[in-house]
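Have a look at data-v4.cif; it's mmCIF, N, CA and C atoms:
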```cif
data_query
loop_
_atom_site.label_atom_id
_atom_site.label_comp_id
_atom_site.auth_asym_id
_atom_site.auth_seq_id
_atom_site.Cartn_x
_atom_site.Cartn_y
_atom_site.Cartn_z
N MET W 29 -10.50 -12.44 -112.87
CA MET W 29 -10.35 -11.03 -113.08
C MET W 29 -10.24 -10.36 -111.71
N ILE W 30 -9.35 -9.41 -111.58
CA ILE W 30 -9.16 -8.70 -110.33
C ILE W 30 -9.85 -7.35 -110.43
N LEU W 31 -10.73 -7.06 -109.50
CA LEU W 31 -11.42 -5.78 -109.47
C LEU W 31 -11.15 -5.11 -108.13
N PHE W 32 -10.91 -3.81 -108.15
CA PHE W 32 -10.70 -3.05 -106.94
C PHE W 32 -11.86 -2.09 -106.74
N THR W 33 -12.35 -1.99 -105.51
CA THR W 33 -13.38 -1.02 -105.19
C THR W 33 -12.70 0.33 -104.96
N PRO W 34 -13.45 1.44 -105.04
CA PRO W 34 -12.84 2.75 -104.75
C PRO W 34 -12.19 2.79 -103.36
N GLY W 35 -12.81 2.12 -102.38
CA GLY W 35 -12.24 2.09 -101.04
C GLY W 35 -10.90 1.37 -101.00
N GLN W 36 -10.77 0.27 -101.75
CA GLN W 36 -9.51 -0.46 -101.80
C GLN W 36 -8.43 0.38 -102.47
N ILE W 37 -8.80 1.13 -103.50
CA ILE W 37 -7.83 1.99 -104.18
C ILE W 37 -7.34 3.07 -103.23
N LYS W 38 -8.25 3.65 -102.44
CA LYS W 38 -7.83 4.67 -101.47
C LYS W 38 -6.85 4.09 -100.47
N LYS W 39 -7.12 2.86 -100.00
CA LYS W 39 -6.20 2.22 -99.05
C LYS W 39 -4.84 1.97 -99.69
N LEU W 40 -4.83 1.56 -100.96
CA LEU W 40 -3.56 1.34 -101.65
C LEU W 40 -2.78 2.64 -101.82
N ASN W 41 -3.51 3.75 -102.04
CA ASN W 41 -2.85 5.03 -102.25
C ASN W 41 -2.26 5.59 -100.96
N LYS W 42 -2.77 5.16 -99.80
CA LYS W 42 -2.20 5.59 -98.52
C LYS W 42 -0.90 4.85 -98.30
N GLY W 43 -0.02 5.43 -97.54
CA GLY W 43 1.22 4.75 -97.20
C GLY W 43 2.24 4.73 -98.33
N GLY W 44 2.16 5.69 -99.23
CA GLY W 44 3.17 5.81 -100.27
C GLY W 44 2.90 5.03 -101.54
N HIS W 45 1.89 4.15 -101.54
CA HIS W 45 1.57 3.42 -102.76
C HIS W 45 0.71 4.30 -103.66
N THR W 46 0.99 4.32 -104.91
CA THR W 46 0.16 5.08 -105.84
C THR W 46 -0.41 4.12 -106.87
N MET W 47 -1.62 4.39 -107.26
CA MET W 47 -2.27 3.57 -108.27
C MET W 47 -3.02 4.49 -109.22
N ALA W 48 -2.88 4.23 -110.49
CA ALA W 48 -3.59 5.04 -111.47
C ALA W 48 -5.09 4.86 -111.30
N LYS W 49 -5.83 5.89 -111.68
CA LYS W 49 -7.29 5.80 -111.61
C LYS W 49 -7.82 4.78 -112.61
N ASP W 50 -7.16 4.65 -113.74
CA ASP W 50 -7.56 3.68 -114.75
C ASP W 50 -6.72 2.42 -114.57
N PHE W 51 -7.36 1.27 -114.74
CA PHE W 51 -6.67 0.01 -114.49
C PHE W 51 -7.19 -1.02 -115.48
N ASN W 52 -6.30 -1.69 -116.19
CA ASN W 52 -6.69 -2.70 -117.17
C ASN W 52 -5.77 -3.90 -117.00
N GLN W 53 -6.20 -4.86 -116.21
CA GLN W 53 -5.43 -6.08 -115.98
C GLN W 53 -6.41 -7.23 -115.83
N VAL W 54 -6.12 -8.35 -116.49
CA VAL W 54 -7.00 -9.50 -116.42
C VAL W 54 -6.14 -10.74 -116.17
N ILE W 55 -6.69 -11.67 -115.40
CA ILE W 55 -6.06 -12.96 -115.16
C ILE W 55 -7.10 -14.02 -115.49
N ILE W 56 -6.73 -14.92 -116.39
CA ILE W 56 -7.65 -15.98 -116.81
C ILE W 56 -6.98 -17.32 -116.59
N LYS W 57 -7.71 -18.22 -115.92
CA LYS W 57 -7.24 -19.59 -115.74
C LYS W 57 -8.16 -20.50 -116.53
N GLY W 58 -7.58 -21.34 -117.37
CA GLY W 58 -8.39 -22.24 -118.18
C GLY W 58 -7.50 -23.22 -118.93
N ARG W 59 -8.07 -23.78 -120.00
CA ARG W 59 -7.34 -24.76 -120.81
C ARG W 59 -7.27 -24.29 -122.26
N LEU W 60 -6.15 -24.59 -122.90
CA LEU W 60 -5.97 -24.21 -124.30
C LEU W 60 -6.97 -24.94 -125.18
N GLY W 61 -7.61 -24.19 -126.08
CA GLY W 61 -8.58 -24.77 -127.00
C GLY W 61 -7.93 -25.45 -128.19
N SER W 62 -6.69 -25.09 -128.48
CA SER W 62 -5.92 -25.71 -129.56
C SER W 62 -4.44 -25.44 -129.30
N LYS W 63 -3.59 -26.13 -130.02
CA LYS W 63 -2.15 -25.90 -129.88
C LYS W 63 -1.82 -24.54 -130.48
N PRO W 64 -1.22 -23.63 -129.69
CA PRO W 64 -0.84 -22.32 -130.23
C PRO W 64 0.21 -22.46 -131.34
N GLU W 65 0.02 -21.69 -132.40
CA GLU W 65 0.98 -21.66 -133.49
C GLU W 65 1.56 -20.26 -133.55
N ILE W 66 2.83 -20.19 -133.89
CA ILE W 66 3.54 -18.92 -133.90
C ILE W 66 3.77 -18.47 -135.34
N LYS W 67 3.66 -17.15 -135.59
CA LYS W 67 3.93 -16.59 -136.91
C LYS W 67 4.90 -15.43 -136.75
N GLU W 68 5.68 -15.22 -137.78
CA GLU W 68 6.55 -14.05 -137.80
C GLU W 68 5.85 -12.97 -138.63
N VAL W 69 5.76 -11.77 -138.07
CA VAL W 69 5.15 -10.64 -138.77
C VAL W 69 6.23 -9.61 -139.03
N LYS W 70 5.86 -8.48 -139.60
CA LYS W 70 6.85 -7.47 -139.99
C LYS W 70 7.83 -7.14 -138.87
N ASN W 71 9.01 -6.74 -139.26
CA ASN W 71 10.10 -6.39 -138.33
C ASN W 71 10.49 -7.54 -137.41
N GLU W 72 10.34 -8.77 -137.88
CA GLU W 72 10.75 -9.96 -137.15
C GLU W 72 10.04 -10.13 -135.81
N LEU W 73 8.84 -9.59 -135.66
CA LEU W 73 8.05 -9.80 -134.45
C LEU W 73 7.37 -11.17 -134.54
N LEU W 74 7.25 -11.84 -133.40
CA LEU W 74 6.58 -13.13 -133.33
C LEU W 74 5.22 -12.93 -132.68
N VAL W 75 4.20 -13.60 -133.19
CA VAL W 75 2.86 -13.50 -132.62
C VAL W 75 2.19 -14.86 -132.63
N SER W 76 1.38 -15.11 -131.61
CA SER W 76 0.59 -16.32 -131.53
C SER W 76 -0.81 -15.94 -131.08
N ASN W 77 -1.81 -16.43 -131.80
CA ASN W 77 -3.22 -16.22 -131.43
C ASN W 77 -3.82 -17.58 -131.10
N PHE W 78 -4.50 -17.66 -129.96
CA PHE W 78 -5.10 -18.92 -129.55
C PHE W 78 -6.26 -18.62 -128.60
N SER W 79 -6.98 -19.66 -128.21
CA SER W 79 -8.12 -19.47 -127.31
C SER W 79 -7.92 -20.27 -126.03
N VAL W 80 -8.53 -19.75 -124.97
CA VAL W 80 -8.51 -20.42 -123.67
C VAL W 80 -9.95 -20.60 -123.21
N ALA W 81 -10.29 -21.82 -122.81
CA ALA W 81 -11.63 -22.14 -122.31
C ALA W 81 -11.64 -22.02 -120.80
N GLU W 82 -12.57 -21.23 -120.29
CA GLU W 82 -12.74 -21.05 -118.84
C GLU W 82 -14.06 -21.71 -118.46
N ASN W 83 -14.01 -22.74 -117.65
CA ASN W 83 -15.22 -23.46 -117.22
C ASN W 83 -15.63 -23.01 -115.83
N TYR W 84 -16.22 -21.83 -115.76
CA TYR W 84 -16.65 -21.30 -114.48
C TYR W 84 -17.93 -21.94 -113.98
N ASP W 85 -18.62 -22.63 -114.84
CA ASP W 85 -19.88 -23.31 -114.52
C ASP W 85 -19.85 -24.63 -115.29
N PRO W 86 -20.24 -25.75 -114.65
CA PRO W 86 -20.19 -27.04 -115.35
C PRO W 86 -20.98 -27.07 -116.66
N GLU W 87 -21.98 -26.21 -116.78
CA GLU W 87 -22.81 -26.21 -117.99
C GLU W 87 -22.44 -25.11 -118.99
N LYS W 88 -21.47 -24.25 -118.64
CA LYS W 88 -21.11 -23.13 -119.51
C LYS W 88 -19.60 -23.05 -119.66
N THR W 89 -19.17 -22.77 -120.86
CA THR W 89 -17.75 -22.54 -121.13
C THR W 89 -17.61 -21.15 -121.73
N GLN W 90 -16.74 -20.36 -121.16
CA GLN W 90 -16.44 -19.02 -121.67
C GLN W 90 -15.12 -19.10 -122.43
N TRP W 91 -15.13 -18.71 -123.70
CA TRP W 91 -13.91 -18.73 -124.52
C TRP W 91 -13.30 -17.35 -124.57
N HIS W 92 -11.98 -17.29 -124.43
CA HIS W 92 -11.24 -16.03 -124.48
C HIS W 92 -10.22 -16.11 -125.61
N ARG W 93 -10.19 -15.07 -126.46
CA ARG W 93 -9.17 -14.99 -127.50
C ARG W 93 -7.93 -14.33 -126.91
N ILE W 94 -6.78 -14.98 -127.11
CA ILE W 94 -5.52 -14.52 -126.53
C ILE W 94 -4.54 -14.22 -127.66
N THR W 95 -3.81 -13.12 -127.53
CA THR W 95 -2.70 -12.80 -128.43
C THR W 95 -1.45 -12.67 -127.60
N ALA W 96 -0.41 -13.39 -128.00
CA ALA W 96 0.88 -13.33 -127.30
C ALA W 96 1.95 -12.91 -128.30
N TRP W 97 2.90 -12.12 -127.83
CA TRP W 97 3.97 -11.61 -128.68
C TRP W 97 5.33 -12.11 -128.21
N ASN W 98 6.24 -12.25 -129.15
CA ASN W 98 7.66 -12.55 -128.94
C ASN W 98 7.92 -13.66 -127.94
N GLY W 99 8.56 -13.39 -126.79
CA GLY W 99 8.92 -14.44 -125.84
C GLY W 99 7.72 -15.19 -125.29
N VAL W 100 6.62 -14.49 -125.06
CA VAL W 100 5.41 -15.14 -124.56
C VAL W 100 4.84 -16.05 -125.64
N ALA W 101 4.89 -15.60 -126.89
CA ALA W 101 4.42 -16.42 -128.01
C ALA W 101 5.28 -17.68 -128.16
N LYS W 102 6.59 -17.53 -128.01
CA LYS W 102 7.49 -18.70 -128.10
C LYS W 102 7.16 -19.72 -127.02
N PHE W 103 6.90 -19.24 -125.81
CA PHE W 103 6.54 -20.15 -124.72
C PHE W 103 5.23 -20.87 -125.04
N ALA W 104 4.22 -20.12 -125.50
CA ALA W 104 2.90 -20.70 -125.79
C ALA W 104 2.99 -21.76 -126.88
N GLU W 105 3.89 -21.57 -127.84
CA GLU W 105 4.03 -22.51 -128.95
C GLU W 105 4.40 -23.92 -128.46
N ASN W 106 5.05 -24.02 -127.30
CA ASN W 106 5.47 -25.32 -126.77
C ASN W 106 4.37 -26.04 -125.99
N LEU W 107 3.22 -25.42 -125.84
CA LEU W 107 2.12 -26.01 -125.07
C LEU W 107 1.18 -26.76 -126.00
N GLU W 108 0.46 -27.72 -125.44
CA GLU W 108 -0.45 -28.55 -126.21
C GLU W 108 -1.91 -28.21 -125.92
N LYS W 109 -2.79 -28.58 -126.83
CA LYS W 109 -4.23 -28.42 -126.64
C LYS W 109 -4.62 -29.07 -125.32
N GLY W 110 -5.46 -28.39 -124.53
CA GLY W 110 -5.93 -28.93 -123.27
C GLY W 110 -5.05 -28.61 -122.08
N THR W 111 -3.87 -28.03 -122.31
CA THR W 111 -2.97 -27.67 -121.21
C THR W 111 -3.61 -26.60 -120.34
N GLU W 112 -3.55 -26.78 -119.03
CA GLU W 112 -4.04 -25.76 -118.10
C GLU W 112 -3.05 -24.59 -118.08
N VAL W 113 -3.57 -23.38 -118.24
CA VAL W 113 -2.73 -22.18 -118.24
C VAL W 113 -3.37 -21.09 -117.39
N VAL W 114 -2.52 -20.20 -116.92
CA VAL W 114 -2.96 -18.96 -116.29
C VAL W 114 -2.38 -17.85 -117.16
N VAL W 115 -3.25 -17.00 -117.71
CA VAL W 115 -2.83 -15.93 -118.60
C VAL W 115 -3.02 -14.60 -117.88
N PHE W 116 -1.95 -13.80 -117.84
CA PHE W 116 -1.99 -12.45 -117.31
C PHE W 116 -1.90 -11.49 -118.49
N GLY W 117 -2.77 -10.50 -118.54
CA GLY W 117 -2.70 -9.58 -119.66
C GLY W 117 -3.64 -8.40 -119.52
N THR W 118 -3.86 -7.74 -120.65
CA THR W 118 -4.75 -6.59 -120.70
C THR W 118 -5.83 -6.84 -121.74
N LEU W 119 -6.98 -6.21 -121.56
CA LEU W 119 -8.09 -6.36 -122.49
C LEU W 119 -7.99 -5.31 -123.59
N ARG W 120 -8.28 -5.74 -124.83
CA ARG W 120 -8.30 -4.83 -125.96
C ARG W 120 -9.57 -5.10 -126.77
N LEU W 121 -10.26 -4.05 -127.12
CA LEU W 121 -11.46 -4.13 -127.95
C LEU W 121 -11.04 -3.91 -129.39
N GLY W 122 -11.51 -4.76 -130.30
CA GLY W 122 -11.11 -4.61 -131.69
C GLY W 122 -12.08 -5.28 -132.65
N ASN W 123 -11.87 -5.00 -133.92
CA ASN W 123 -12.68 -5.59 -134.99
C ASN W 123 -12.00 -6.82 -135.55
N TYR W 124 -12.80 -7.77 -135.98
CA TYR W 124 -12.27 -8.95 -136.66
C TYR W 124 -13.33 -9.46 -137.64
N VAL W 125 -12.90 -10.31 -138.56
CA VAL W 125 -13.80 -10.90 -139.55
C VAL W 125 -14.00 -12.36 -139.18
N ASP W 126 -15.27 -12.80 -139.03
CA ASP W 126 -15.55 -14.19 -138.64
C ASP W 126 -15.48 -15.13 -139.84
N ASP W 127 -15.79 -16.39 -139.62
CA ASP W 127 -15.71 -17.42 -140.67
C ASP W 127 -16.64 -17.16 -141.85
N GLN W 128 -17.73 -16.45 -141.61
CA GLN W 128 -18.69 -16.12 -142.68
C GLN W 128 -18.37 -14.76 -143.30
N GLU W 129 -17.17 -14.24 -143.00
CA GLU W 129 -16.69 -12.96 -143.52
C GLU W 129 -17.57 -11.78 -143.10
N VAL W 130 -18.09 -11.86 -141.86
CA VAL W 130 -18.87 -10.77 -141.29
C VAL W 130 -17.98 -10.02 -140.30
N ASN W 131 -17.98 -8.69 -140.40
CA ASN W 131 -17.21 -7.88 -139.46
C ASN W 131 -17.84 -7.95 -138.08
N ARG W 132 -17.02 -8.21 -137.08
CA ARG W 132 -17.48 -8.33 -135.70
C ARG W 132 -16.62 -7.46 -134.79
N LEU W 133 -17.16 -7.15 -133.63
CA LEU W 133 -16.44 -6.43 -132.60
C LEU W 133 -16.20 -7.41 -131.46
N GLY W 134 -14.98 -7.51 -130.97
CA GLY W 134 -14.70 -8.49 -129.92
C GLY W 134 -13.64 -8.01 -128.95
N ILE W 135 -13.53 -8.74 -127.87
CA ILE W 135 -12.53 -8.45 -126.85
C ILE W 135 -11.43 -9.49 -126.95
N ASN W 136 -10.20 -9.02 -126.91
CA ASN W 136 -9.03 -9.87 -127.01
C ASN W 136 -8.16 -9.61 -125.78
N VAL W 137 -7.49 -10.65 -125.29
CA VAL W 137 -6.54 -10.49 -124.19
C VAL W 137 -5.14 -10.47 -124.78
N ILE W 138 -4.39 -9.40 -124.50
CA ILE W 138 -3.00 -9.32 -124.91
C ILE W 138 -2.18 -9.86 -123.74
N ALA W 139 -1.62 -11.06 -123.92
CA ALA W 139 -0.92 -11.74 -122.83
C ALA W 139 0.46 -11.13 -122.61
N ASN W 140 0.77 -10.80 -121.36
CA ASN W 140 2.14 -10.38 -121.05
C ASN W 140 2.86 -11.41 -120.19
N ARG W 141 2.11 -12.44 -119.77
CA ARG W 141 2.71 -13.55 -119.04
C ARG W 141 1.77 -14.75 -119.10
N ILE W 142 2.34 -15.94 -119.26
CA ILE W 142 1.57 -17.18 -119.23
C ILE W 142 2.28 -18.15 -118.30
N ILE W 143 1.50 -18.76 -117.43
CA ILE W 143 2.03 -19.81 -116.56
C ILE W 143 1.30 -21.10 -116.92
N ALA W 144 2.05 -22.18 -117.04
CA ALA W 144 1.48 -23.50 -117.30
C ALA W 144 1.89 -24.39 -116.14
N PRO W 145 1.11 -24.40 -115.04
CA PRO W 145 1.51 -25.10 -113.81
C PRO W 145 1.82 -26.57 -113.98
N LYS W 146 1.10 -27.26 -114.86
CA LYS W 146 1.27 -28.71 -114.96
C LYS W 146 1.85 -29.13 -116.31
N ALA W 147 2.40 -28.18 -117.07
CA ALA W 147 2.93 -28.49 -118.40
C ALA W 147 4.23 -29.27 -118.29
N LYS W 148 4.50 -30.04 -119.32
CA LYS W 148 5.75 -30.78 -119.40
C LYS W 148 6.75 -29.92 -120.19
N ALA W 149 6.99 -28.72 -119.70
CA ALA W 149 7.88 -27.79 -120.39
C ALA W 149 9.32 -28.24 -120.22
N THR W 150 10.08 -28.13 -121.29
CA THR W 150 11.48 -28.55 -121.23
C THR W 150 12.40 -27.40 -120.86
N GLU W 151 12.03 -26.17 -121.17
CA GLU W 151 12.91 -25.04 -120.90
C GLU W 151 12.54 -24.32 -119.62
N GLU W 152 11.35 -23.76 -119.57
CA GLU W 152 10.91 -23.04 -118.40
C GLU W 152 9.39 -23.18 -118.27
N GLU W 153 8.87 -22.79 -117.13
CA GLU W 153 7.44 -23.00 -116.90
C GLU W 153 6.62 -21.75 -117.08
N THR W 154 7.24 -20.62 -117.37
CA THR W 154 6.49 -19.40 -117.62
C THR W 154 7.04 -18.69 -118.83
N GLY W 155 6.18 -17.94 -119.47
CA GLY W 155 6.59 -17.07 -120.55
C GLY W 155 6.25 -15.65 -120.16
N GLU W 156 7.21 -14.74 -120.25
CA GLU W 156 6.97 -13.37 -119.83
C GLU W 156 7.52 -12.39 -120.84
N GLY W 157 6.93 -11.19 -120.83
CA GLY W 157 7.48 -10.05 -121.54
C GLY W 157 7.30 -10.07 -123.04
N PHE W 158 7.82 -9.02 -123.64
CA PHE W 158 7.76 -8.86 -125.08
C PHE W 158 9.11 -9.15 -125.60
#
```

Mind turning the file's structure into structure tokens?
Amino acid sequence: MILFTPGQIKKLNKGGHTMAKDFNQVIIKGRLGSKPEIKEVKNELLVSNFSVAENYDPEKTQWHRITAWNGVAKFAENLEKGTEVVVFGTLRLGNYVDDQEVNRLGINVIANRIIAPKAKATEEETGEGF
């Protein structure tokens, strides 16, 4: 995850660079928890929901729920469980129903780009955009 201090934002704003006061960008590096599957939803949109395991500590694994749309979803569909990926996206807070049908509140990453550095991709090595 990239975090900027107020001092860094001021430096970025000097010299003609502008940055919004609000910022929502996340980068996660990890391994796919399962093979992503793609579904078609209304208006011919493609979506893929999958998880990425981040092992920041040998004794702890942090799981991230990822949602990818259209071209990014198509790219993710070609990857296998355990593939190392770097996911670029934004955080979204939302409700979901767990396996016991209990309503939960969770954080989801909406992927706008996925890189699979070591994947055996046949077409391209990154998935970008909507």

Translate the PyMOL selection byres ((chain W and resi 138) around 7) into a concrete residue list for this structure, as a ChimeraX atom specification.
/W:93-97,116-120,136-137,139-141

Atom pair atom CA of W:Val54 / atom CA of W:Arg132: separation (Å)
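Straight-line distance from atom CA of W:Val54 to atom CA of W:Arg132 works out to 22.0 Å.
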
Apply the PyMOL selection byres ((chain W and resi 114) around 7) to the structure shown and report the selected residues as a count of residues only.
13

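Relative to atom CA of W:Gln53, atom CA of W:Val125 is found at 25.5 Å.
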
Find the distance between atom CA of W:Gly122 and atom CA of W:Ile135 and write it in Å to one decimal.
6.3 Å

Distance criterion (all atoms listed in the file): nearest to W:Ser79 out of W:Arg59, W:Leu121, W:Asn98, W:Ile66
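So, comparing all the options, the nearest one is W:Arg59.
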
Residue set, stretch 38-140 of chain W restricted to alpha helix (DSSP H), as a VMD selection string:
chain W and resid 38 to 41 98 to 105

With the file shown as input, list the residues that the PyMOL selection byres ((chain W and resi 106) around 8) selects, as a list in words.
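Output of the PyMOL selection byres ((chain W and resi 106) around 8): Lys63, Pro64, Glu65, Ile66, Ala101, Lys102, Phe103, Ala104, Glu105, Leu107, Glu108, Lys109, Lys148, Ala149 and Thr150 of chain W.
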
Considering only strand (DSSP E or B) as DSSP defines it on the backbone, what residues of stretch 49-111 of chain W qualify? List them as a VMD selection string.
chain W and resid 54 to 60 66 to 69 73 to 85 88 to 97
